[in-house]
file model-v3.csv (CSV, C-alpha atoms and all ligand atoms)
chain,number,residue,atom,x,y,z
V,229,MET,CA,52.0,-32.0,-39.2
V,230,ASP,CA,52.8,-29.6,-42.0
V,231,SER,CA,56.4,-28.4,-42.0
V,232,TYR,CA,57.3,-24.7,-42.1
V,233,GLN,CA,60.2,-25.6,-44.5
V,234,VAL,CA,59.9,-25.1,-48.3
V,235,ASN,CA,58.0,-27.8,-50.3
V,236,ASN,CA,59.2,-29.4,-53.6
V,237,GLU,CA,57.6,-26.6,-55.7
V,238,GLY,CA,59.5,-23.9,-53.8
V,239,TYR,CA,56.5,-22.7,-51.7
V,240,TYR,CA,56.0,-22.0,-48.0
V,241,GLY,CA,52.3,-22.4,-47.8
V,242,GLU,CA,51.0,-19.9,-50.4
V,243,PHE,CA,54.2,-17.9,-50.4
V,244,GLY,CA,57.3,-18.2,-52.6
V,245,GLY,CA,57.6,-19.8,-56.0
V,246,ALA,CA,59.6,-18.5,-59.0
V,247,TYR,CA,57.9,-15.7,-61.0
V,248,ILE,CA,60.6,-14.9,-63.5
V,249,PRO,CA,61.0,-13.7,-67.1
V,250,GLU,CA,61.1,-16.5,-69.6
V,251,ILE,CA,64.7,-15.7,-70.5
V,252,LEU,CA,65.8,-16.6,-67.0
V,253,HIS,CA,63.9,-19.9,-66.9
V,254,ARG,CA,67.0,-22.0,-67.8
V,255,CYS,CA,69.3,-20.3,-65.2
V,256,VAL,CA,66.8,-20.6,-62.4
V,257,GLN,CA,66.0,-24.2,-63.4
V,258,GLU,CA,69.7,-25.0,-63.4
V,259,LEU,CA,70.1,-23.6,-60.0
V,260,GLN,CA,67.1,-25.5,-58.7
V,261,ASP,CA,68.5,-28.7,-60.1
V,262,THR,CA,72.0,-28.1,-58.7
V,263,TYR,CA,71.9,-26.4,-55.3
V,264,LEU,CA,70.9,-29.2,-53.0
V,265,GLN,CA,73.2,-31.7,-54.5
V,266,VAL,CA,76.1,-29.3,-54.1
V,267,LEU,CA,75.2,-28.0,-50.6
V,268,GLN,CA,74.9,-31.6,-49.4
V,269,SER,CA,78.1,-32.9,-51.0
V,270,GLU,CA,81.1,-33.7,-48.8
V,271,SER,CA,83.5,-31.6,-50.8
V,272,PHE,CA,81.3,-28.5,-50.5
V,273,LYS,CA,80.7,-29.0,-46.8
V,274,GLN,CA,84.4,-29.4,-46.1
V,275,GLU,CA,85.4,-26.3,-48.0
V,276,TYR,CA,82.5,-24.3,-46.6
V,277,ASP,CA,83.1,-25.3,-43.0
V,278,GLN,CA,86.8,-24.6,-43.2
V,279,LEU,CA,86.3,-21.1,-44.6
V,280,LEU,CA,83.6,-20.4,-41.9
V,281,ARG,CA,86.1,-21.4,-39.3
V,282,ASP,CA,89.4,-19.9,-40.6
V,283,TYR,CA,88.2,-17.0,-42.6
V,284,VAL,CA,85.0,-15.8,-40.9
V,285,GLY,CA,86.0,-16.8,-37.4
V,286,ARG,CA,83.2,-19.2,-36.6
V,287,PRO,CA,81.7,-20.5,-34.4
V,288,SER,CA,80.5,-17.0,-33.2
V,289,PRO,CA,80.2,-16.9,-29.4
V,290,LEU,CA,76.9,-17.3,-27.6
V,291,TYR,CA,77.3,-14.8,-24.9
V,292,LEU,CA,75.3,-14.7,-21.7
V,293,ALA,CA,74.5,-10.9,-21.2
V,294,SER,CA,74.1,-10.7,-17.4
V,295,ARG,CA,73.3,-7.1,-17.0
V,296,LEU,CA,70.8,-7.1,-19.9
V,297,SER,CA,69.3,-10.3,-18.4
V,298,GLU,CA,68.9,-8.6,-15.1
V,299,LYS,CA,67.1,-5.6,-16.7
V,300,TYR,CA,64.5,-7.8,-18.5
V,301,GLY,CA,64.1,-10.5,-15.8
V,302,CYS,CA,65.1,-13.5,-17.8
V,303,LYS,CA,68.3,-15.1,-19.1
V,304,ILE,CA,69.4,-13.5,-22.3
V,305,TYR,CA,72.1,-15.0,-24.6
V,306,LEU,CA,73.4,-12.9,-27.5
V,307,LYS,CA,74.4,-14.8,-30.7
V,308,ARG,CA,77.4,-12.7,-31.8
V,309,GLU,CA,77.2,-12.5,-35.6
V,310,ASP,CA,78.7,-9.0,-35.2
V,311,LEU,CA,82.1,-10.7,-34.6
V,312,ASN,CA,82.3,-12.3,-38.0
V,313,HIS,CA,84.7,-11.1,-40.6
V,314,THR,CA,83.2,-8.0,-42.4
V,315,GLY,CA,81.0,-7.4,-39.3
V,316,ALA,CA,77.8,-9.2,-39.9
V,317,HIS,CA,76.1,-12.5,-40.8
V,318,LYS,CA,76.0,-11.8,-44.6
V,319,ILE,CA,79.4,-13.4,-45.2
V,320,ASN,CA,78.0,-16.9,-44.2
V,321,ASN,CA,75.8,-16.7,-47.3
V,322,THR,CA,78.2,-15.1,-49.8
V,323,ILE,CA,80.9,-17.7,-49.1
V,324,GLY,CA,78.4,-20.5,-49.7
V,325,GLN,CA,77.1,-19.0,-52.9
V,326,ILE,CA,80.5,-18.3,-54.4
V,327,LEU,CA,81.5,-21.9,-53.8
V,328,LEU,CA,78.4,-23.0,-55.6
V,329,ALA,CA,79.0,-20.6,-58.5
V,330,ARG,CA,82.5,-22.0,-58.9
V,331,ARG,CA,81.2,-25.5,-58.9
V,332,MET,CA,78.7,-24.5,-61.6
V,333,GLY,CA,81.5,-23.1,-63.8
V,334,LYS,CA,80.4,-19.5,-63.6
V,335,ARG,CA,83.1,-16.8,-63.9
V,336,ARG,CA,81.2,-13.6,-63.4
V,337,ILE,CA,79.4,-12.6,-60.2
V,338,ILE,CA,76.7,-10.0,-59.9
V,339,ALA,CA,74.9,-8.7,-56.9
V,340,GLU,CA,72.5,-5.9,-55.8
V,341,THR,CA,73.0,-3.9,-52.6
V,342,GLY,CA,71.1,-1.3,-50.7
V,343,ALA,CA,73.1,-0.2,-47.7
V,344,GLY,CA,76.2,-1.8,-49.2
V,345,GLN,CA,76.7,-4.6,-46.6
V,346,HIS,CA,75.8,-7.4,-49.0
V,347,GLY,CA,77.9,-5.6,-51.7
V,348,VAL,CA,80.9,-5.6,-49.4
V,349,ALA,CA,80.3,-9.3,-48.4
V,350,THR,CA,80.1,-10.2,-52.1
V,351,ALA,CA,83.1,-8.2,-53.1
V,352,THR,CA,85.1,-9.8,-50.3
V,353,VAL,CA,84.5,-13.4,-51.4
V,354,CYS,CA,85.1,-12.4,-55.1
V,355,ALA,CA,88.5,-11.1,-54.1
V,356,LEU,CA,89.1,-14.3,-52.1
V,357,MET,CA,88.1,-16.5,-55.1
V,358,ASN,CA,89.5,-14.3,-57.9
V,359,MET,CA,86.2,-13.7,-59.6
V,360,GLU,CA,84.9,-10.7,-61.5
V,361,CYS,CA,82.4,-8.8,-59.4
V,362,ILE,CA,79.8,-6.3,-60.5
V,363,VAL,CA,77.6,-4.7,-57.8
V,364,TYR,CA,74.4,-2.8,-58.7
V,365,MET,CA,73.5,0.0,-56.3
V,366,GLY,CA,71.0,2.8,-56.4
V,367,LYS,CA,72.6,6.2,-57.0
V,368,THR,CA,70.9,7.6,-53.9
V,369,ASP,CA,72.4,4.7,-51.8
V,370,VAL,CA,75.9,5.2,-53.5
V,371,GLU,CA,75.9,8.7,-52.1
V,372,ARG,CA,74.5,7.7,-48.7
V,373,GLN,CA,76.9,4.8,-48.1
V,374,ARG,CA,80.2,6.2,-49.4
V,375,VAL,CA,82.5,4.1,-47.1
V,376,ASN,CA,80.9,0.8,-48.3
V,377,VAL,CA,81.3,1.9,-51.9
V,378,GLU,CA,85.0,2.6,-51.3
V,379,LYS,CA,85.4,-0.8,-49.6
V,380,MET,CA,83.9,-2.6,-52.6
V,381,LYS,CA,86.2,-0.7,-55.0
V,382,MET,CA,89.2,-1.4,-52.9
V,383,LEU,CA,88.2,-5.1,-53.0
V,384,GLY,CA,88.3,-4.9,-56.8
V,385,ALA,CA,84.6,-4.8,-57.5
V,386,THR,CA,82.9,-2.6,-60.1
V,387,VAL,CA,80.1,-0.6,-58.5
V,388,VAL,CA,77.4,0.5,-61.0
V,389,PRO,CA,75.2,3.4,-59.8
V,390,VAL,CA,71.6,2.8,-60.9
V,391,THR,CA,69.7,5.9,-61.9
V,392,SER,CA,66.2,4.5,-62.6
V,393,GLY,CA,63.2,4.8,-60.3
V,394,ASN,CA,64.0,6.1,-56.8
V,395,MET,CA,67.6,5.0,-57.3
V,396,THR,CA,67.5,2.6,-54.3
V,397,LEU,CA,67.5,-1.1,-53.6
V,398,LYS,CA,64.4,-2.0,-55.6
V,399,ASP,CA,65.9,-0.3,-58.7
V,400,ALA,CA,69.3,-1.9,-58.1
V,401,THR,CA,67.7,-5.3,-58.0
V,402,ASN,CA,65.8,-4.7,-61.3
V,403,GLU,CA,69.1,-3.8,-62.9
V,404,ALA,CA,70.8,-6.9,-61.6
V,405,ILE,CA,68.0,-9.1,-62.9
V,406,ARG,CA,68.4,-7.3,-66.3
V,407,ASP,CA,72.1,-8.1,-66.3
V,408,TRP,CA,71.4,-11.7,-65.5
V,409,CYS,CA,69.0,-11.9,-68.5
V,410,CYS,CA,71.8,-10.6,-70.8
V,411,HIS,CA,74.5,-13.0,-69.5
V,412,PRO,CA,72.6,-16.1,-68.5
V,413,SER,CA,75.3,-18.6,-69.3
V,414,ASP,CA,78.5,-17.3,-67.5
V,415,THR,CA,77.0,-15.2,-64.7
V,416,TYR,CA,76.0,-16.1,-61.2
V,417,TYR,CA,73.7,-13.8,-59.3
V,418,ILE,CA,74.4,-13.8,-55.5
V,419,ILE,CA,71.2,-12.7,-53.7
V,420,GLY,CA,71.9,-11.4,-50.2
V,421,SER,CA,68.8,-12.4,-48.3
V,422,THR,CA,66.0,-15.1,-48.1
V,423,VAL,CA,64.3,-13.4,-51.0
V,424,GLY,CA,64.0,-13.8,-54.8
V,425,PRO,CA,62.7,-16.8,-56.8
V,426,HIS,CA,63.0,-20.4,-55.5
V,427,PRO,CA,65.6,-21.7,-54.7
V,428,TYR,CA,67.2,-18.6,-53.3
V,429,PRO,CA,65.1,-18.3,-50.1
V,430,ASP,CA,65.8,-21.9,-49.2
V,431,MET,CA,69.4,-21.8,-50.3
V,432,VAL,CA,70.2,-18.7,-48.2
V,433,ALA,CA,68.3,-20.1,-45.2
V,434,ARG,CA,70.4,-23.3,-45.4
V,435,LEU,CA,73.6,-21.3,-45.7
V,436,GLN,CA,72.7,-19.2,-42.7
V,437,SER,CA,71.4,-22.2,-40.7
V,438,VAL,CA,74.9,-22.6,-39.3
V,439,ILE,CA,73.7,-20.0,-36.8
V,440,SER,CA,71.0,-22.2,-35.2
V,441,GLU,CA,73.2,-25.3,-35.6
V,442,GLU,CA,75.7,-23.5,-33.3
V,443,ILE,CA,73.0,-22.2,-31.0
V,444,ARG,CA,71.8,-25.8,-30.4
V,445,ARG,CA,75.3,-27.0,-29.5
V,446,GLN,CA,76.2,-23.9,-27.4
V,447,LEU,CA,73.0,-23.9,-25.4
V,448,LEU,CA,73.5,-27.6,-24.6
V,449,GLU,CA,76.9,-26.7,-23.3
V,450,HIS,CA,75.6,-23.7,-21.2
V,451,GLU,CA,72.2,-24.9,-20.1
V,452,GLY,CA,72.1,-28.6,-20.6
V,453,ARG,CA,69.3,-28.3,-23.2
V,454,GLU,CA,69.3,-27.6,-26.9
V,455,TYR,CA,66.4,-25.2,-27.2
V,456,PRO,CA,65.6,-21.8,-25.8
V,457,ASP,CA,62.1,-20.5,-24.9
V,458,TYR,CA,62.5,-17.5,-27.2
V,459,LEU,CA,64.4,-16.7,-30.3
V,460,ILE,CA,64.5,-13.1,-31.4
V,461,ALA,CA,65.9,-11.6,-34.6
V,462,CYS,CA,65.4,-8.6,-36.8
V,463,VAL,CA,64.0,-9.0,-40.3
V,464,GLY,CA,64.8,-7.1,-43.5
V,465,GLY,CA,64.6,-9.8,-46.1
V,466,GLY,CA,65.0,-12.3,-43.4
V,467,SER,CA,68.3,-14.1,-43.7
V,468,ASN,CA,69.8,-13.6,-40.1
V,469,ALA,CA,66.4,-14.5,-38.7
V,470,ALA,CA,66.1,-17.6,-41.0
V,471,GLY,CA,69.5,-18.7,-39.8
V,472,THR,CA,68.6,-18.2,-36.2
V,473,ILE,CA,65.3,-20.1,-36.3
V,474,TYR,CA,66.1,-22.7,-39.0
V,475,HIS,CA,66.6,-25.8,-36.8
V,476,TYR,CA,63.7,-24.8,-34.4
V,477,LEU,CA,61.1,-24.1,-37.0
V,478,ASP,CA,59.1,-27.2,-36.3
V,479,ASP,CA,59.8,-27.2,-32.5
V,480,PRO,CA,56.7,-25.8,-30.8
V,481,ARG,CA,58.6,-25.3,-27.5
V,482,VAL,CA,60.4,-22.4,-29.1
V,483,ARG,CA,58.7,-19.1,-29.5
V,484,ILE,CA,59.8,-17.1,-32.5
V,485,VAL,CA,59.8,-13.3,-32.4
V,486,LEU,CA,60.7,-11.3,-35.5
V,487,ALA,CA,61.3,-7.5,-35.3
V,488,GLU,CA,60.6,-5.5,-38.4
V,489,ALA,CA,61.3,-1.8,-38.9
V,490,GLY,CA,58.5,0.4,-37.9
V,491,GLY,CA,60.3,3.6,-39.1
V,492,LEU,CA,58.5,6.6,-37.8
V,493,GLY,CA,55.5,4.4,-36.9
V,494,ILE,CA,53.3,2.0,-38.9
V,495,ASP,CA,50.6,4.7,-39.5
V,496,SER,CA,53.1,7.4,-40.5
V,497,GLY,CA,53.6,6.5,-44.1
V,498,LYS,CA,57.3,6.3,-43.3
V,499,THR,CA,57.8,2.7,-42.4
V,500,ALA,CA,59.2,-0.6,-43.6
V,501,ALA,CA,56.8,-2.8,-41.5
V,502,THR,CA,56.0,-5.2,-44.3
V,503,ILE,CA,54.1,-7.8,-42.2
V,504,ALA,CA,52.0,-5.1,-40.5
V,505,LEU,CA,51.1,-3.3,-43.8
V,506,GLY,CA,51.9,-5.5,-46.8
V,507,ARG,CA,49.5,-7.3,-49.0
V,508,VAL,CA,50.2,-10.4,-51.1
V,509,GLY,CA,52.0,-9.6,-54.3
V,510,ILE,CA,55.0,-10.4,-56.4
V,511,ILE,CA,58.4,-8.9,-55.6
V,512,HIS,CA,61.8,-10.0,-57.0
V,513,GLY,CA,60.3,-13.2,-58.4
V,514,ALA,CA,58.5,-14.4,-55.3
V,515,ARG,CA,54.9,-14.3,-54.0
V,516,THR,CA,55.0,-12.7,-50.6
V,517,TYR,CA,53.8,-9.7,-48.6
V,518,VAL,CA,54.7,-6.4,-50.3
V,519,ILE,CA,54.1,-2.8,-49.2
V,520,GLN,CA,52.2,-1.5,-52.2
V,521,ASN,CA,49.6,1.2,-53.1
V,522,GLU,CA,46.1,0.6,-54.5
V,523,ASP,CA,47.5,0.1,-58.0
V,524,GLY,CA,49.9,-2.6,-56.9
V,525,GLN,CA,52.9,-0.3,-57.3
V,526,ILE,CA,55.6,-1.0,-54.7
V,527,GLU,CA,55.9,1.8,-52.2
V,528,GLU,CA,59.3,3.2,-51.1
V,529,PRO,CA,59.9,1.9,-47.6
V,530,TYR,CA,61.6,3.9,-44.9
V,531,SER,CA,63.7,3.0,-41.8
V,532,ILE,CA,66.5,4.6,-40.0
V,533,SER,CA,68.3,1.4,-40.7
V,534,ALA,CA,69.4,1.0,-44.3
V,535,GLY,CA,69.5,-2.8,-44.0
V,536,LEU,CA,65.9,-3.1,-43.1
V,537,ASP,CA,64.1,-0.8,-45.5
V,538,TYR,CA,63.0,-3.4,-48.0
V,539,PRO,CA,59.4,-3.3,-49.3
V,540,GLY,CA,59.0,-7.1,-49.2
V,541,ILE,CA,59.9,-10.0,-46.9
V,542,GLY,CA,61.1,-13.5,-47.4
V,543,PRO,CA,58.3,-16.1,-48.2
V,544,LEU,CA,59.5,-18.2,-45.3
V,545,HIS,CA,58.7,-15.4,-42.9
V,546,ALA,CA,55.5,-14.4,-44.6
V,547,ASN,CA,54.2,-17.9,-44.0
V,548,LEU,CA,55.4,-18.0,-40.4
V,549,ALA,CA,53.5,-14.7,-39.8
V,550,HIS,CA,50.4,-15.9,-41.7
V,551,GLN,CA,50.3,-19.2,-39.7
V,552,GLN,CA,51.0,-17.3,-36.5
V,553,ARG,CA,54.1,-19.5,-35.9
V,554,ALA,CA,56.0,-16.3,-35.4
V,555,THR,CA,55.2,-13.1,-33.5
V,556,VAL,CA,56.1,-10.1,-35.5
V,557,LEU,CA,56.7,-6.8,-33.8
V,558,ALA,CA,57.3,-3.4,-35.4
V,559,VAL,CA,60.1,-1.6,-33.7
V,560,ASN,CA,60.3,2.1,-34.5
V,561,ASP,CA,63.4,4.2,-35.1
V,562,ASP,CA,63.4,5.8,-31.7
V,563,GLU,CA,62.9,2.5,-29.9
V,564,ALA,CA,65.8,1.0,-31.8
V,565,ILE,CA,68.1,3.9,-31.0
V,566,ARG,CA,67.2,3.6,-27.3
V,567,ALA,CA,67.9,-0.2,-27.4
V,568,ALA,CA,71.3,0.3,-29.1
V,569,TYR,CA,72.4,2.7,-26.4
V,570,GLU,CA,71.1,0.4,-23.7
V,571,LEU,CA,73.1,-2.6,-25.0
V,572,THR,CA,76.2,-0.4,-25.4
V,573,ARG,CA,75.9,1.0,-21.8
V,574,LEU,CA,75.0,-2.4,-20.2
V,575,GLU,CA,77.3,-4.8,-22.1
V,576,GLY,CA,79.9,-2.7,-23.9
V,577,ILE,CA,78.6,-3.9,-27.3
V,578,ILE,CA,77.6,-1.4,-30.0
V,579,PRO,CA,75.2,-3.2,-32.3
V,580,ALA,CA,74.3,-2.5,-35.9
V,581,LEU,CA,71.1,-0.4,-36.2
V,582,GLU,CA,69.4,-3.4,-37.8
V,583,SER,CA,70.2,-5.6,-34.7
V,584,ALA,CA,69.0,-2.8,-32.5
V,585,HIS,CA,65.5,-3.5,-33.7
V,586,ALA,CA,65.7,-7.0,-32.4
V,587,LEU,CA,66.9,-5.6,-29.1
V,588,GLY,CA,64.0,-3.1,-29.1
V,589,ALA,CA,61.6,-6.1,-29.1
V,590,LEU,CA,62.7,-7.0,-25.6
V,591,ALA,CA,60.8,-4.1,-24.0
V,592,LYS,CA,57.6,-5.3,-25.8
V,593,LEU,CA,57.6,-8.8,-24.3
V,594,THR,CA,57.0,-10.2,-20.8
V,595,PHE,CA,59.3,-12.9,-19.6
V,596,LYS,CA,59.4,-15.3,-16.7
V,597,PRO,CA,62.7,-15.5,-14.6
V,598,SER,CA,63.2,-19.0,-15.9
V,599,ASP,CA,62.9,-18.1,-19.6
V,600,ILE,CA,65.9,-18.6,-21.8
V,601,VAL,CA,66.1,-16.1,-24.6
V,602,VAL,CA,68.5,-16.2,-27.6
V,603,LEU,CA,68.8,-12.9,-29.5
V,604,THR,CA,70.9,-12.6,-32.6
V,605,VAL,CA,73.1,-9.5,-32.9
V,606,SER,CA,73.3,-9.6,-36.7
V,607,GLY,CA,76.1,-7.0,-37.1
V,608,ARG,CA,78.3,-4.4,-35.4
V,609,GLY,CA,77.5,-0.7,-35.2
V,610,ASP,CA,80.7,0.8,-36.6
V,611,LYS,CA,78.9,1.7,-39.9
V,612,ASP,CA,76.1,3.4,-37.9
V,613,MET,CA,78.2,5.8,-35.7
V,614,GLU,CA,77.0,8.9,-37.6
V,615,THR,CA,73.4,8.1,-36.9
V,616,TYR,CA,74.0,7.1,-33.3
V,617,LEU,CA,75.8,10.4,-32.7
V,618,LYS,CA,73.1,12.4,-34.4
V,619,TYR,CA,70.5,10.9,-31.9
V,620,ALA,CA,72.9,10.8,-29.0
V,621,LEU,CA,71.2,9.8,-25.7
W,701,LIG,C1,71.6,-6.8,-44.1
W,701,LIG,C2,71.5,-6.8,-42.7
W,701,LIG,C3,70.3,-7.1,-42.0
W,701,LIG,C4,69.0,-7.4,-42.7
W,701,LIG,O1,69.1,-8.5,-43.6
W,701,LIG,P1,68.4,-9.9,-43.3
W,701,LIG,O2,68.5,-10.7,-44.5
W,701,LIG,O3,67.0,-9.7,-42.8
W,701,LIG,O4,69.2,-10.5,-42.2
W,701,LIG,C5,70.3,-7.2,-40.6
W,701,LIG,N1,71.4,-6.9,-39.9
W,701,LIG,C6,72.6,-6.5,-40.5
W,701,LIG,C7,73.7,-6.2,-39.7
W,701,LIG,C8,72.7,-6.5,-41.9
W,701,LIG,O5,73.8,-6.1,-42.5
call {"tool": "encode", "arguments": {"input": "model-v3.csv", "output": "structure tokens", "more": "lines below"}}
Ligand SMILES: *Cc1c(COP(=O)(O)O)cnc(C)c1O
result
Amino acid sequence: MDSYQVNNEGYYGEFGGAYIPEILHRCVQELQDTYLQVLQSESFKQEYDQLLRDYVGRPSPLYLASRLSEKYGCKIYLKREDLNHTGAHKINNTIGQILLARRMGKRRIIAETGAGQHGVATATVCALMNMECIVYMGKTDVERQRVNVEKMKMLGATVVPVTSGNMTLKDATNEAIRDWCCHPSDTYYIIGSTVGPHPYPDMVARLQSVISEEIRRQLLEHEGREYPDYLIACVGGGSNAAGTIYHYLDDPRVRIVLAEAGGLGIDSGKTAATIALGRVGIIHGARTYVIQNEDGQIEEPYSISAGLDYPGIGPLHANLAHQQRATVLAVNDDEAIRAAYELTRLEGIIPALESAHALGALAKLTFKPSDIVVLTVSGRGDKDMETYLKYAL
């Protein structure tokens, strides 16, 4: 049987690879040659595990949501990544990559950010490790996400507003890649999701795989078996989903459901539903599905959730969709808002708008009473209060 994991050339089926400018060839090659050896070393594992425990607060709870379960007629467990330090799963990845950067002798950290969540998670670990931190962010996003910009500055990072293109995530990423090209020897580029050239998608998936490692252990404790019937997660670039499904990818007993952002509807022209609408192309150095126009120009995506409006998707997930290993559902803005209010009122948990898309998938599925469902709450809703109030139900 073919595995859904990456192959030696950095591909998931026909997706992935490393399509990069010549000048970055050595950096990416160095990373490819180093990452597995470091991630699998005892000294790395020890430092990483200790920080996840004492700094992030892992393991995150696996919480049996009784009232939500009753509503949907099955047993729903929530994997509580919202309880991590900095409020989401992104810190699992930035801690791992900064430890790798240090072991590679890099002194300068760069990152791109859209909503600012990855920027904050990167600035946080740079403060912790006393490293220089430069975060590229589209000027439009800088204005939309003022609190996250202030947090990054308070943490000691330099935030560079990018004024090219639409001044959003895509443009910030181009600028980060340009910086990397100018400083290839001393700079480490921390990518925030399972995107970018090989080895980033595999590296980020491995660093987030602590989520499914814990799910296995916690399910065994609660249910006497290591696997659920369903795993549900939202997908922007794909990192919280990758972490949730990592150890179950090749287990056919487990159904994988991915929720992408439908925006105002997949036919509305205002959407971020990459699997539904994307065609194969190259984005950020990887071959994957991309929302693009007839000329192959990347189209500006839209979602009410700033963390999901990415015009591509990780190559791992593109392959899972292509092979029909995963069911991909588009959840629209209004469905996500409704789901967020539902969780809040039933369980007293205000989820991030991104996570609300995963919750919105519940109403689109039919469960048996015996089904065990694990749904990842990727982050907390504090940052989204303005939006929730605007659409108050
Ligand atoms: C960034 C973010 C996402 C989307 O990113 P993935 O890489 O797809 O996980 C989802 N949820 C939250 C809370 C986020 O901050």
call {"tool": "closest_atom_pairs", "arguments": {"input": "model-v3.csv", "of": "chain V", "to": "ligand LIG 701 (chain W)", "cutoff": "7 Å", "atoms": "all atoms listed in the file", "output": "JSON lines"}}
result
{"residue": "V:Ala316", "atom": "CA", "partner": "W:LIG701", "partner_atom": "C7", "distance": 5.1}
{"residue": "V:His317", "atom": "CA", "partner": "W:LIG701", "partner_atom": "C7", "distance": 6.8}
{"residue": "V:Lys318", "atom": "CA", "partner": "W:LIG701", "partner_atom": "O5", "distance": 6.5}
{"residue": "V:Gln345", "atom": "CA", "partner": "W:LIG701", "partner_atom": "O5", "distance": 5.2}
{"residue": "V:His346", "atom": "CA", "partner": "W:LIG701", "partner_atom": "C1", "distance": 6.5}
{"residue": "V:Gly420", "atom": "CA", "partner": "W:LIG701", "partner_atom": "O2", "distance": 6.7}
{"residue": "V:Ser421", "atom": "CA", "partner": "W:LIG701", "partner_atom": "O2", "distance": 4.2}
{"residue": "V:Thr422", "atom": "CA", "partner": "W:LIG701", "partner_atom": "O2", "distance": 6.2}
{"residue": "V:Cys462", "atom": "CA", "partner": "W:LIG701", "partner_atom": "O3", "distance": 6.3}
{"residue": "V:Val463", "atom": "CA", "partner": "W:LIG701", "partner_atom": "O3", "distance": 4.0}
{"residue": "V:Gly464", "atom": "CA", "partner": "W:LIG701", "partner_atom": "O3", "distance": 3.5}
{"residue": "V:Gly465", "atom": "CA", "partner": "W:LIG701", "partner_atom": "O3", "distance": 4.1}
{"residue": "V:Gly466", "atom": "CA", "partner": "W:LIG701", "partner_atom": "O3", "distance": 3.3}
{"residue": "V:Ser467", "atom": "CA", "partner": "W:LIG701", "partner_atom": "O2", "distance": 3.5}
{"residue": "V:Asn468", "atom": "CA", "partner": "W:LIG701", "partner_atom": "O4", "distance": 3.8}
{"residue": "V:Ala469", "atom": "CA", "partner": "W:LIG701", "partner_atom": "O4", "distance": 6.0}
{"residue": "V:Gly535", "atom": "CA", "partner": "W:LIG701", "partner_atom": "C1", "distance": 4.5}
{"residue": "V:Leu536", "atom": "CA", "partner": "W:LIG701", "partner_atom": "C4", "distance": 5.3}
{"residue": "V:Ala580", "atom": "CA", "partner": "W:LIG701", "partner_atom": "C7", "distance": 5.3}
{"residue": "V:Glu582", "atom": "CA", "partner": "W:LIG701", "partner_atom": "N1", "distance": 4.5}
{"residue": "V:Ser583", "atom": "CA", "partner": "W:LIG701", "partner_atom": "N1", "distance": 5.5}
{"residue": "V:Ser606", "atom": "CA", "partner": "W:LIG701", "partner_atom": "C7", "distance": 4.6}
{"residue": "V:Gly607", "atom": "CA", "partner": "W:LIG701", "partner_atom": "C7", "distance": 3.6}
{"residue": "V:Arg608", "atom": "CA", "partner": "W:LIG701", "partner_atom": "C7", "distance": 6.5}
call {"tool": "write_last_selection", "arguments": {"input": "model-v3.csv", "atoms": "C-alpha atoms", "output": "PDB file, in the coordinates of the input"}}
result
ATOM      1  CA  ALA V 316      77.800  -9.200 -39.900  1.00  0.00           C
ATOM      2  CA  HIS V 317      76.100 -12.500 -40.800  1.00  0.00           C
ATOM      3  CA  LYS V 318      76.000 -11.800 -44.600  1.00  0.00           C
ATOM      4  CA  GLN V 345      76.700  -4.600 -46.600  1.00  0.00           C
ATOM      5  CA  HIS V 346      75.800  -7.400 -49.000  1.00  0.00           C
ATOM      6  CA  GLY V 420      71.900 -11.400 -50.200  1.00  0.00           C
ATOM      7  CA  SER V 421      68.800 -12.400 -48.300  1.00  0.00           C
ATOM      8  CA  THR V 422      66.000 -15.100 -48.100  1.00  0.00           C
ATOM      9  CA  CYS V 462      65.400  -8.600 -36.800  1.00  0.00           C
ATOM     10  CA  VAL V 463      64.000  -9.000 -40.300  1.00  0.00           C
ATOM     11  CA  GLY V 464      64.800  -7.100 -43.500  1.00  0.00           C
ATOM     12  CA  GLY V 465      64.600  -9.800 -46.100  1.00  0.00           C
ATOM     13  CA  GLY V 466      65.000 -12.300 -43.400  1.00  0.00           C
ATOM     14  CA  SER V 467      68.300 -14.100 -43.700  1.00  0.00           C
ATOM     15  CA  ASN V 468      69.800 -13.600 -40.100  1.00  0.00           C
ATOM     16  CA  ALA V 469      66.400 -14.500 -38.700  1.00  0.00           C
ATOM     17  CA  GLY V 535      69.500  -2.800 -44.000  1.00  0.00           C
ATOM     18  CA  LEU V 536      65.900  -3.100 -43.100  1.00  0.00           C
ATOM     19  CA  ALA V 580      74.300  -2.500 -35.900  1.00  0.00           C
ATOM     20  CA  GLU V 582      69.400  -3.400 -37.800  1.00  0.00           C
ATOM     21  CA  SER V 583      70.200  -5.600 -34.700  1.00  0.00           C
ATOM     22  CA  SER V 606      73.300  -9.600 -36.700  1.00  0.00           C
ATOM     23  CA  GLY V 607      76.100  -7.000 -37.100  1.00  0.00           C
ATOM     24  CA  ARG V 608      78.300  -4.400 -35.400  1.00  0.00           C
TER      25      ARG V 608
END
call {"tool": "residues_near_point", "arguments": {"input": "model-v3.csv", "point": "(63.2, -19.1, -67.3)", "cutoff": "12 Å", "atoms": "all atoms listed in the file", "output": "list in words"}}
result
Ala246, Tyr247, Ile248, Pro249, Glu250, Ile251, Leu252, His253, Arg254, Cys255, Val256, Gln257, Glu258, Leu259, Gln260, Ile405, Trp408, Cys409, Pro412, Pro425, His426 and Gly513 of chain V
call {"tool": "residues_near_point", "arguments": {"input": "model-v3.csv", "point": "(57.5, -16.2, -40.1)", "cutoff": "10 Å", "atoms": "only C-alpha atoms", "output": "MDAnalysis selection string"}}
result
chainID V and resid 232 240 463 466 469:470 473 477 484:486 503 541:556
call {"tool": "atom_distance", "arguments": {"input": "model-v3.csv", "atom1": "atom CA of Thr352 of chain V", "atom2": "atom CA of Asp610 of chain V"}}
result
17.9 Å
